[in-house]
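data-v2.txt follows (compact mmCIF, C-alpha atoms):
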# COMPACT_ATOMS: atom_id res chain seq x y z
CA MET A 1 -33.54 -75.56 150.48
CA ILE A 2 -33.48 -79.36 150.35
CA ARG A 3 -29.85 -79.43 151.46
CA LEU A 4 -30.65 -77.15 154.38
CA LEU A 5 -33.51 -79.37 155.48
CA ALA A 6 -31.28 -82.45 155.17
CA PHE A 7 -28.57 -80.79 157.27
CA LEU A 8 -31.08 -79.83 159.96
CA ALA A 9 -32.44 -83.38 159.95
CA VAL A 10 -28.94 -84.82 160.48
CA VAL A 11 -28.21 -82.38 163.32
CA PHE A 12 -31.54 -83.21 164.91
CA ALA A 13 -30.85 -86.95 164.64
CA LEU A 14 -27.40 -86.54 166.20
CA GLY A 15 -28.88 -84.51 169.02
CA LEU A 16 -31.46 -87.19 169.72
CA GLY A 17 -28.76 -89.84 169.63
CA PHE A 18 -26.51 -88.05 172.09
CA ALA A 19 -29.47 -87.34 174.38
CA TRP A 20 -30.39 -91.01 174.30
CA LEU A 21 -26.81 -92.00 175.22
CA ALA A 22 -26.70 -89.42 178.00
CA ASP A 23 -29.78 -90.99 179.59
CA ARG A 24 -28.19 -94.45 179.40
CA PRO A 25 -24.71 -94.27 180.93
CA GLY A 26 -22.29 -97.04 180.10
CA GLU A 27 -18.68 -97.77 179.29
CA MET A 28 -16.75 -99.19 176.36
CA LEU A 29 -13.59 -101.24 176.79
CA VAL A 30 -11.19 -101.42 173.86
CA THR A 31 -8.09 -103.63 173.84
CA PHE A 32 -5.46 -102.64 171.29
CA ASN A 33 -1.84 -103.79 171.07
CA GLY A 34 -1.84 -105.07 174.63
CA TYR A 35 -3.36 -101.94 176.07
CA GLN A 36 -6.88 -101.47 177.34
CA TYR A 37 -8.79 -98.27 176.83
CA GLN A 38 -11.95 -97.64 178.80
CA VAL A 39 -14.22 -94.76 177.80
CA THR A 40 -17.83 -93.84 178.30
CA LEU A 41 -20.34 -94.44 175.54
CA MET A 42 -20.77 -90.69 175.07
CA VAL A 43 -17.05 -90.17 174.49
CA ALA A 44 -16.94 -93.14 172.12
CA ALA A 45 -19.88 -91.79 170.13
CA VAL A 46 -18.31 -88.34 169.91
CA ALA A 47 -15.03 -89.89 168.77
CA ILE A 48 -16.76 -91.91 166.04
CA VAL A 49 -18.65 -88.86 164.78
CA ALA A 50 -15.44 -86.82 164.83
CA VAL A 51 -13.57 -89.47 162.82
CA VAL A 52 -16.35 -89.64 160.23
CA ALA A 53 -16.43 -85.84 159.97
CA ALA A 54 -12.64 -85.71 159.60
CA VAL A 55 -12.72 -88.31 156.82
CA MET A 56 -15.42 -86.37 154.99
CA ILE A 57 -13.46 -83.10 155.29
CA VAL A 58 -10.28 -84.74 154.03
CA TRP A 59 -12.16 -86.26 151.11
CA TRP A 60 -13.67 -82.87 150.27
CA LEU A 61 -10.22 -81.24 150.34
CA ILE A 62 -8.73 -83.91 148.08
CA LYS A 63 -11.65 -83.62 145.64
CA SER A 64 -11.39 -79.82 145.61
CA LEU A 65 -7.67 -79.93 144.89
CA TRP A 66 -8.21 -82.51 142.15
CA ASN A 67 -10.90 -80.41 140.45
CA SER A 68 -9.30 -77.02 141.06
CA PRO A 69 -7.69 -76.70 137.57
CA TYR A 70 -11.05 -77.30 135.91
CA THR A 71 -12.84 -74.98 138.34
CA ILE A 72 -10.33 -72.19 137.77
CA ALA A 73 -10.46 -72.65 134.00
CA ARG A 74 -14.25 -72.59 134.06
CA TYR A 75 -14.23 -69.41 136.14
CA PHE A 76 -12.03 -67.59 133.65
CA ARG A 77 -13.99 -69.00 130.72
CA VAL A 78 -17.29 -67.77 132.16
CA ARG A 79 -15.74 -64.40 132.99
CA ARG A 80 -14.41 -64.10 129.44
CA ARG A 81 -17.82 -65.00 128.01
CA ASP A 82 -19.57 -62.45 130.22
CA ARG A 83 -17.17 -59.75 129.09
CA GLY A 84 -17.86 -60.72 125.49
CA TYR A 85 -21.62 -60.48 125.91
CA GLN A 86 -21.23 -57.15 127.66
CA ALA A 87 -19.22 -55.86 124.71
CA LEU A 88 -21.82 -57.25 122.30
CA SER A 89 -24.65 -55.58 124.21
CA THR A 90 -22.83 -52.24 124.28
CA GLY A 91 -22.08 -52.55 120.58
CA MET A 92 -25.70 -53.26 119.67
CA ILE A 93 -26.81 -50.22 121.65
CA ALA A 94 -24.15 -48.11 119.94
CA ALA A 95 -25.24 -49.35 116.51
CA GLY A 96 -28.85 -48.53 117.31
CA ALA A 97 -27.80 -45.04 118.38
CA GLY A 98 -25.77 -44.54 115.20
CA ASP A 99 -22.35 -44.56 116.87
CA GLY A 100 -20.32 -46.37 114.22
CA ALA A 101 -16.95 -45.95 115.92
CA LEU A 102 -18.09 -47.47 119.21
CA ALA A 103 -20.01 -50.21 117.39
CA ARG A 104 -16.87 -51.20 115.47
CA LYS A 105 -14.75 -51.12 118.63
CA LYS A 106 -17.17 -53.36 120.50
CA THR A 107 -17.46 -55.67 117.50
CA LYS A 108 -13.73 -56.34 117.61
CA GLU A 109 -13.80 -56.71 121.38
CA ALA A 110 -16.71 -59.16 121.31
CA ALA A 111 -15.14 -61.18 118.48
CA LYS A 112 -11.99 -61.67 120.57
CA LEU A 113 -13.95 -62.92 123.56
CA ILE A 114 -16.75 -64.93 121.90
CA SER A 115 -16.69 -67.06 118.78
CA ALA A 116 -19.03 -65.89 116.01
CA ASP A 117 -20.14 -69.51 115.64
CA GLN A 118 -21.19 -69.46 119.29
CA GLU A 119 -22.98 -66.10 119.05
CA PRO A 120 -24.21 -65.19 115.53
CA LEU A 121 -25.24 -61.70 116.66
CA ILE A 122 -21.59 -60.72 116.33
CA ASN A 123 -22.06 -61.01 112.56
CA LEU A 124 -25.08 -58.72 112.73
CA LEU A 125 -23.18 -56.13 114.76
CA ASP A 126 -20.29 -56.38 112.30
CA ALA A 127 -22.63 -55.71 109.36
CA GLN A 128 -24.35 -52.82 111.14
CA ALA A 129 -20.99 -51.27 111.97
CA SER A 130 -20.05 -51.48 108.28
CA LEU A 131 -23.28 -49.75 107.30
CA LEU A 132 -22.67 -46.97 109.81
CA GLU A 133 -19.16 -46.54 108.42
CA GLY A 134 -20.57 -46.26 104.90
CA ASP A 135 -19.01 -49.54 103.78
CA HIS A 136 -22.10 -50.88 102.02
CA GLU A 137 -20.13 -53.35 99.92
CA GLY A 138 -18.59 -54.84 103.04
CA ALA A 139 -22.00 -54.99 104.70
CA ARG A 140 -23.47 -56.83 101.71
CA GLU A 141 -20.67 -59.38 101.86
CA LYS A 142 -21.40 -59.97 105.53
CA PHE A 143 -25.12 -60.36 104.85
CA GLU A 144 -24.34 -62.84 102.07
CA ARG A 145 -22.23 -64.91 104.46
CA MET A 146 -25.22 -65.06 106.80
CA LEU A 147 -27.13 -67.00 104.13
CA ASP A 148 -24.98 -70.05 104.89
CA ASP A 149 -26.20 -70.09 108.50
CA PRO A 150 -29.80 -71.32 108.87
CA GLU A 151 -30.17 -69.32 112.07
CA MET A 152 -29.06 -66.09 110.39
CA ARG A 153 -30.43 -66.65 106.88
CA LEU A 154 -33.56 -64.52 107.25
CA LEU A 155 -31.53 -61.73 108.80
CA GLY A 156 -29.10 -61.87 105.90
CA LEU A 157 -31.95 -61.78 103.37
CA ARG A 158 -33.45 -58.80 105.15
CA GLY A 159 -30.14 -56.93 105.01
CA LEU A 160 -29.65 -57.73 101.32
CA TYR A 161 -33.24 -56.71 100.59
CA LEU A 162 -32.76 -53.32 102.23
CA GLU A 163 -29.49 -52.78 100.40
CA ALA A 164 -31.13 -53.64 97.08
CA GLU A 165 -33.95 -51.22 97.87
CA ARG A 166 -31.41 -48.53 98.69
CA LEU A 167 -29.71 -49.07 95.33
CA GLY A 168 -33.06 -49.10 93.52
CA ASP A 169 -32.56 -52.66 92.28
CA ARG A 170 -36.15 -53.88 92.50
CA ASN A 171 -35.43 -57.21 90.86
CA ALA A 172 -32.77 -58.08 93.43
CA ALA A 173 -34.96 -56.81 96.26
CA ARG A 174 -37.85 -58.98 95.13
CA HIS A 175 -35.53 -61.95 94.73
CA TYR A 176 -34.42 -61.72 98.35
CA ALA A 177 -37.96 -61.05 99.55
CA GLY A 178 -39.21 -64.09 97.64
CA ARG A 179 -36.61 -66.34 99.25
CA ALA A 180 -37.59 -65.06 102.68
CA ALA A 181 -41.33 -65.37 102.03
CA ALA A 182 -40.89 -68.96 100.87
CA VAL A 183 -39.70 -70.05 104.32
CA ALA A 184 -41.28 -67.37 106.52
CA PRO A 185 -44.52 -65.97 105.05
CA GLN A 186 -45.21 -64.30 108.39
CA LEU A 187 -42.56 -61.68 107.59
CA ALA A 188 -44.57 -58.69 106.38
CA TRP A 189 -41.74 -57.07 104.42
CA ALA A 190 -41.04 -60.26 102.49
CA ALA A 191 -44.67 -61.24 101.93
CA GLU A 192 -45.80 -57.80 100.73
CA SER A 193 -42.91 -57.41 98.30
CA THR A 194 -43.41 -60.92 96.93
CA LEU A 195 -47.16 -60.43 96.64
CA GLU A 196 -46.58 -57.26 94.63
CA GLU A 197 -44.22 -59.10 92.30
CA LEU A 198 -46.60 -62.03 91.80
CA THR A 199 -49.53 -59.78 90.95
CA GLU A 200 -47.47 -57.70 88.54
CA ARG A 201 -46.51 -60.76 86.53
CA GLY A 202 -49.99 -62.27 86.74
CA ASP A 203 -49.13 -65.27 88.90
CA TRP A 204 -52.52 -65.30 90.58
CA ASP A 205 -52.23 -68.83 91.93
CA GLY A 206 -48.89 -68.02 93.54
CA ALA A 207 -50.33 -64.85 95.05
CA LEU A 208 -53.35 -66.75 96.38
CA LYS A 209 -51.07 -69.35 97.92
CA LEU A 210 -49.04 -66.64 99.63
CA VAL A 211 -52.16 -64.97 101.04
CA GLU A 212 -53.28 -68.32 102.39
CA ALA A 213 -49.88 -68.75 104.04
CA GLN A 214 -50.18 -65.27 105.57
CA LYS A 215 -53.59 -66.23 106.91
CA SER A 216 -52.36 -69.52 108.37
CA THR A 217 -49.50 -67.75 110.17
CA ARG A 218 -51.94 -65.07 111.37
CA GLN A 219 -49.98 -62.26 109.79
CA ILE A 220 -53.29 -60.92 108.54
CA GLU A 221 -56.78 -61.36 109.94
CA ARG A 222 -59.30 -63.70 108.36
CA ASP A 223 -61.49 -60.90 106.97
CA ALA A 224 -58.49 -59.13 105.45
CA ALA A 225 -57.28 -62.40 103.94
CA ASN A 226 -60.70 -63.08 102.42
CA ARG A 227 -60.75 -59.59 100.96
CA ARG A 228 -57.33 -60.08 99.41
CA ARG A 229 -58.33 -63.44 98.03
CA ALA A 230 -61.46 -61.90 96.52
CA VAL A 231 -59.41 -59.20 94.78
CA LEU A 232 -56.90 -61.74 93.46
CA LEU A 233 -59.61 -64.14 92.31
CA THR A 234 -61.35 -61.30 90.50
CA ALA A 235 -58.13 -60.38 88.74
CA LYS A 236 -57.60 -64.04 87.87
CA ALA A 237 -61.11 -64.25 86.45
CA GLN A 238 -60.53 -61.19 84.30
CA ALA A 239 -57.30 -62.69 82.97
CA LEU A 240 -59.01 -65.99 82.09
CA VAL A 241 -62.23 -64.63 80.55
CA ASP A 242 -61.16 -65.29 76.98
CA THR A 243 -58.88 -68.30 77.42
CA ASP A 244 -60.70 -70.37 80.06
CA PRO A 245 -64.25 -69.12 80.74
CA ASN A 246 -65.09 -71.98 83.10
CA ALA A 247 -62.09 -71.32 85.33
CA ALA A 248 -62.81 -67.59 85.16
CA ARG A 249 -66.42 -68.17 86.21
CA ALA A 250 -65.36 -70.37 89.15
CA ALA A 251 -62.84 -67.76 90.32
CA ALA A 252 -65.36 -64.93 90.03
CA LEU A 253 -68.05 -66.82 91.93
CA GLU A 254 -65.60 -67.69 94.70
CA ALA A 255 -64.50 -64.06 94.89
CA ASN A 256 -68.12 -62.92 95.15
CA LYS A 257 -68.72 -65.46 97.90
CA LEU A 258 -65.69 -64.28 99.89
CA ALA A 259 -66.55 -60.58 99.54
CA PRO A 260 -70.18 -60.00 98.51
CA ASP A 261 -69.69 -56.23 98.82
CA PHE A 262 -66.78 -56.21 96.35
CA ALA A 263 -68.49 -54.86 93.24
CA PRO A 264 -65.94 -55.92 90.58
CA ALA A 265 -66.28 -59.55 91.66
CA ALA A 266 -70.06 -59.40 91.45
CA VAL A 267 -69.97 -57.69 88.05
CA ILE A 268 -67.59 -60.13 86.40
CA ALA A 269 -69.36 -63.12 87.98
CA ALA A 270 -72.70 -61.94 86.62
CA ASP A 271 -71.20 -61.22 83.21
CA LEU A 272 -69.71 -64.72 82.98
CA VAL A 273 -72.92 -66.37 84.13
CA ILE A 274 -74.87 -64.47 81.49
CA ARG A 275 -72.33 -65.34 78.83
CA GLN A 276 -72.76 -69.01 79.59
CA ASN A 277 -76.55 -68.65 79.69
CA ASP A 278 -76.53 -69.79 83.29
CA VAL A 279 -78.95 -67.66 85.28
CA ARG A 280 -78.75 -69.72 88.43
CA LYS A 281 -78.25 -67.67 91.52
CA GLY A 282 -74.52 -67.69 92.37
Go ahead and express the file in the form of structure tokens.
Amino acid sequence: MIRLLAFLAVVFALGLGFAWLADRPGEMLVTFNGYQYQVTLMVAAVAIVAVVAAVMIVWWLIKSLWNSPYTIARYFRVRRRDRGYQALSTGMIAAGAGDGALARKKTKEAAKLISADQEPLINLLDAQASLLEGDHEGAREKFERMLDDPEMRLLGLRGLYLEAERLGDRNAARHYAGRAAAVAPQLAWAAESTLEELTERGDWDGALKLVEAQKSTRQIERDAANRRRAVLLTAKAQALVDTDPNAARAAALEANKLAPDFAPAAVIAADLVIRQNDVRKG
């Protein structure tokens, strides 16, 4: 748009200039190599404009010829990249539809046209094609290689987690979920699996920290987070009743404050207060 306006402005200026010269007739005398050339101002102006235009056209032609190898190479490079992304897109659709043969074909085609370092989704398509072909071992190896790429790490952990779940290896599944939850607590699959593991082994502080991370990333609403914290604090209080009554009492009172309608928290808080002969209203 700006170029068009600039072009129109130049044409308008030239028109005004020629109109001005037309209203003011005159002649120009040029002596060159012993010869005299006499022309009108209008002809001289047209000649000057024509020379300038010719120089600009010649310069454009020279520049185009000079840059033509790069332009041609860029054209073919862009065309090759577009073909690669088209193959990748078709392969992803095929993988989603369960067409393993087409997914594998498009994986190979995309890998020839685009570098996997340039487009990590090729690795995902490769792993999905392996899963569709029933090559779970090959798929796991591809997911493990994704762990070395920060951009693909969570995707690799997700794939390894699902494979561990498929094999019934809960320890491995929780290991991968824990690694994912440590860097991305907003991932529901990772957070829920890790939370289950932490509660099973009685790591109440770790579970509370994870719930707080879920709350801060808005994976769960504030009320739901408070409810979870109340449940975990109640469980923590029950675990500490005999070993650390003061810490148990503090946890129970906090749980009761977070969820007054949660009966277990109220019961254990009252029991601990009575045990310590502290009848102050909690």
Exercise: Thr217 (chain A) partners within 12 Å, only C-alpha atoms, chain neighbours under 6 positions left out, as an mmCIF file with C-alpha atoms, in the coordinates of the input:
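result-v1.cif was written with the following content:
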data_model
loop_
_atom_site.group_PDB
_atom_site.id
_atom_site.type_symbol
_atom_site.label_atom_id
_atom_site.label_comp_id
_atom_site.auth_asym_id
_atom_site.auth_seq_id
_atom_site.Cartn_x
_atom_site.Cartn_y
_atom_site.Cartn_z
ATOM 1 C CA ALA A 181 -41.330 -65.370 102.030
ATOM 2 C CA VAL A 183 -39.700 -70.050 104.320
ATOM 3 C CA ALA A 184 -41.280 -67.370 106.520
ATOM 4 C CA PRO A 185 -44.520 -65.970 105.050
ATOM 5 C CA GLN A 186 -45.210 -64.300 108.390
ATOM 6 C CA LEU A 187 -42.560 -61.680 107.590
ATOM 7 C CA ALA A 188 -44.570 -58.690 106.380
ATOM 8 C CA ALA A 191 -44.670 -61.240 101.930
ATOM 9 C CA LEU A 210 -49.040 -66.640 99.630
ATOM 10 C CA VAL A 211 -52.160 -64.970 101.040
ATOM 11 C CA ALA A 225 -57.280 -62.400 103.940
#
What separation in Å, quoted to one decimal, exists between CA of Ile122 (chain A) and CA of Ala95 (chain A)?
11.9 Å
Could I get the residues of region 212-277 of chain A with an atom no further than 8 Å from an atom of region 192-206 of chain A, each paired with its nearest atom pair and that distance in Å to one decimal, using all atoms listed in the file, sorted by chain and residue number, as a Markdown table?
| residue | atom | partner | partner_atom | distance |
| --- | --- | --- | --- | --- |
| A:Leu232 | CA | A:Trp204 | CA | 6.3 |
| A:Leu233 | CA | A:Trp204 | CA | 7.4 |
| A:Ala235 | CA | A:Trp204 | CA | 7.7 |
| A:Lys236 | CA | A:Trp204 | CA | 5.9 |
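Of the listed residues A:Ala47, A:Ala101, A:Met152, A:Leu167, the one whose atoms come nearest to Pro120 (chain A) is A:Met152, with distances taken using only C-alpha atoms.
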List the spatial neighbours of Leu154 (chain A) as a VMD selection string - criterion: any atom at most 12 Å away, only C-alpha atoms, same-chain residues fewer than 2 positions off excluded.
chain A and resid 124 143 to 152 156 to 161 176 to 187 189 to 190
What does the file look like for those residues with C-alpha atoms, as a PDB file, keeping the file's coordinate frame?
ATOM      1  CA  LEU A 124     -25.080 -58.720 112.730  1.00  0.00           C
ATOM      2  CA  PHE A 143     -25.120 -60.360 104.850  1.00  0.00           C
ATOM      3  CA  GLU A 144     -24.340 -62.840 102.070  1.00  0.00           C
ATOM      4  CA  ARG A 145     -22.230 -64.910 104.460  1.00  0.00           C
ATOM      5  CA  MET A 146     -25.220 -65.060 106.800  1.00  0.00           C
ATOM      6  CA  LEU A 147     -27.130 -67.000 104.130  1.00  0.00           C
ATOM      7  CA  ASP A 148     -24.980 -70.050 104.890  1.00  0.00           C
ATOM      8  CA  ASP A 149     -26.200 -70.090 108.500  1.00  0.00           C
ATOM      9  CA  PRO A 150     -29.800 -71.320 108.870  1.00  0.00           C
ATOM     10  CA  GLU A 151     -30.170 -69.320 112.070  1.00  0.00           C
ATOM     11  CA  MET A 152     -29.060 -66.090 110.390  1.00  0.00           C
ATOM     12  CA  GLY A 156     -29.100 -61.870 105.900  1.00  0.00           C
ATOM     13  CA  LEU A 157     -31.950 -61.780 103.370  1.00  0.00           C
ATOM     14  CA  ARG A 158     -33.450 -58.800 105.150  1.00  0.00           C
ATOM     15  CA  GLY A 159     -30.140 -56.930 105.010  1.00  0.00           C
ATOM     16  CA  LEU A 160     -29.650 -57.730 101.320  1.00  0.00           C
ATOM     17  CA  TYR A 161     -33.240 -56.710 100.590  1.00  0.00           C
ATOM     18  CA  TYR A 176     -34.420 -61.720  98.350  1.00  0.00           C
ATOM     19  CA  ALA A 177     -37.960 -61.050  99.550  1.00  0.00           C
ATOM     20  CA  GLY A 178     -39.210 -64.090  97.640  1.00  0.00           C
ATOM     21  CA  ARG A 179     -36.610 -66.340  99.250  1.00  0.00           C
ATOM     22  CA  ALA A 180     -37.590 -65.060 102.680  1.00  0.00           C
ATOM     23  CA  ALA A 181     -41.330 -65.370 102.030  1.00  0.00           C
ATOM     24  CA  ALA A 182     -40.890 -68.960 100.870  1.00  0.00           C
ATOM     25  CA  VAL A 183     -39.700 -70.050 104.320  1.00  0.00           C
ATOM     26  CA  ALA A 184     -41.280 -67.370 106.520  1.00  0.00           C
ATOM     27  CA  PRO A 185     -44.520 -65.970 105.050  1.00  0.00           C
ATOM     28  CA  GLN A 186     -45.210 -64.300 108.390  1.00  0.00           C
ATOM     29  CA  LEU A 187     -42.560 -61.680 107.590  1.00  0.00           C
ATOM     30  CA  TRP A 189     -41.740 -57.070 104.420  1.00  0.00           C
ATOM     31  CA  ALA A 190     -41.040 -60.260 102.490  1.00  0.00           C
TER      32      ALA A 190
END
Find, counting all atoms listed in the file, the residue in A:Leu155, A:Ala255, A:Glu163, A:Leu61 that gets nearest to Leu208 (chain A).
A:Ala255
Using all atoms listed in the file, can you tell me which of A:Ala164, A:Ala248, A:Val273, A:Ile62 comes closest to Arg140 (chain A)?
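That would be A:Ala164, the residue with the smallest distance to Arg140 (chain A).
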Judged by all atoms listed in the file, the minimum distance to Ile93 (chain A) among A:Ala13, A:Ala129, A:Ala237, A:Ala213 is found for A:Ala129
Within 10 Å of Gln238 (chain A) using all atoms listed in the file, minus same-chain residues under 3 positions, as a ChimeraX atom specification:
/A:232-235,241-242,245,248-249,251-252,264-265,268-269,272
Work out how far CA of Ile220 (chain A) is from CA of Gly96 (chain A), in Å to one decimal.
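One can read the CA of Gly96 (chain A) to CA of Ile220 (chain A) distance as 28.8 Å.
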Pick from A:Asn246, A:Tyr85, A:Val51, A:Ala139: nearest to Gln276 (chain A), with all atoms listed in the file counted?
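Ranked by minimum distance to Gln276 (chain A), first place goes to A:Asn246.
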When you count all atoms listed in the file, which of these residues is closest to Leu102 (chain A): A:Asn123, A:Asn226, A:Ser89, A:Ser216?
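Closest candidate: A:Ser89.
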Taking N, CA and C atoms as the atom set, what does region 124-151 of chain A look like once completed, written as a compact mmCIF listing (two decimals), keeping the file's coordinate frame?
# COMPACT_ATOMS: atom_id res chain seq x y z
N LEU A 124 -24.13 -59.82 112.94
CA LEU A 124 -25.08 -58.72 112.73
C LEU A 124 -24.45 -57.39 113.14
N LEU A 125 -23.81 -57.37 114.30
CA LEU A 125 -23.18 -56.13 114.76
C LEU A 125 -22.08 -55.70 113.79
N ASP A 126 -21.35 -56.67 113.27
CA ASP A 126 -20.29 -56.38 112.30
C ASP A 126 -20.88 -55.72 111.05
N ALA A 127 -21.99 -56.27 110.55
CA ALA A 127 -22.63 -55.71 109.36
C ALA A 127 -23.19 -54.32 109.64
N GLN A 128 -23.79 -54.13 110.80
CA GLN A 128 -24.35 -52.82 111.14
C GLN A 128 -23.24 -51.78 111.28
N ALA A 129 -22.12 -52.19 111.85
CA ALA A 129 -20.99 -51.27 111.97
C ALA A 129 -20.50 -50.86 110.59
N SER A 130 -20.46 -51.80 109.65
CA SER A 130 -20.05 -51.48 108.28
C SER A 130 -21.00 -50.49 107.63
N LEU A 131 -22.30 -50.68 107.86
CA LEU A 131 -23.28 -49.75 107.30
C LEU A 131 -23.10 -48.35 107.87
N LEU A 132 -22.86 -48.28 109.18
CA LEU A 132 -22.67 -46.97 109.81
C LEU A 132 -21.40 -46.29 109.32
N GLU A 133 -20.42 -47.09 108.94
CA GLU A 133 -19.16 -46.54 108.42
C GLU A 133 -19.26 -46.20 106.93
N GLY A 134 -20.40 -46.53 106.32
CA GLY A 134 -20.57 -46.26 104.90
C GLY A 134 -20.00 -47.33 103.99
N ASP A 135 -19.57 -48.44 104.57
CA ASP A 135 -19.01 -49.54 103.78
C ASP A 135 -20.14 -50.49 103.39
N HIS A 136 -20.94 -50.08 102.41
CA HIS A 136 -22.10 -50.88 102.02
C HIS A 136 -21.68 -52.18 101.33
N GLU A 137 -20.60 -52.13 100.58
CA GLU A 137 -20.13 -53.35 99.92
C GLU A 137 -19.71 -54.39 100.96
N GLY A 138 -18.99 -53.93 101.97
CA GLY A 138 -18.59 -54.84 103.04
C GLY A 138 -19.79 -55.39 103.79
N ALA A 139 -20.79 -54.54 104.01
CA ALA A 139 -22.00 -54.99 104.70
C ALA A 139 -22.73 -56.05 103.88
N ARG A 140 -22.80 -55.84 102.56
CA ARG A 140 -23.47 -56.83 101.71
C ARG A 140 -22.75 -58.18 101.76
N GLU A 141 -21.43 -58.13 101.77
CA GLU A 141 -20.67 -59.38 101.86
C GLU A 141 -20.96 -60.11 103.16
N LYS A 142 -21.10 -59.35 104.23
CA LYS A 142 -21.40 -59.97 105.53
C LYS A 142 -22.81 -60.55 105.54
N PHE A 143 -23.76 -59.84 104.93
CA PHE A 143 -25.12 -60.36 104.85
C PHE A 143 -25.17 -61.63 103.99
N GLU A 144 -24.38 -61.65 102.93
CA GLU A 144 -24.34 -62.84 102.07
C GLU A 144 -23.77 -64.04 102.82
N ARG A 145 -22.79 -63.80 103.68
CA ARG A 145 -22.23 -64.91 104.46
C ARG A 145 -23.26 -65.46 105.45
N MET A 146 -24.18 -64.60 105.88
CA MET A 146 -25.22 -65.06 106.80
C MET A 146 -26.14 -66.08 106.15
N LEU A 147 -26.23 -66.07 104.83
CA LEU A 147 -27.13 -67.00 104.13
C LEU A 147 -26.72 -68.45 104.33
N ASP A 148 -25.46 -68.67 104.68
CA ASP A 148 -24.98 -70.05 104.89
C ASP A 148 -25.36 -70.58 106.27
N ASP A 149 -25.82 -69.69 107.14
CA ASP A 149 -26.20 -70.09 108.50
C ASP A 149 -27.72 -70.10 108.61
N PRO A 150 -28.33 -71.27 108.80
CA PRO A 150 -29.80 -71.32 108.87
C PRO A 150 -30.39 -70.38 109.92
N GLU A 151 -29.67 -70.19 111.00
CA GLU A 151 -30.17 -69.32 112.07
C GLU A 151 -30.15 -67.85 111.66
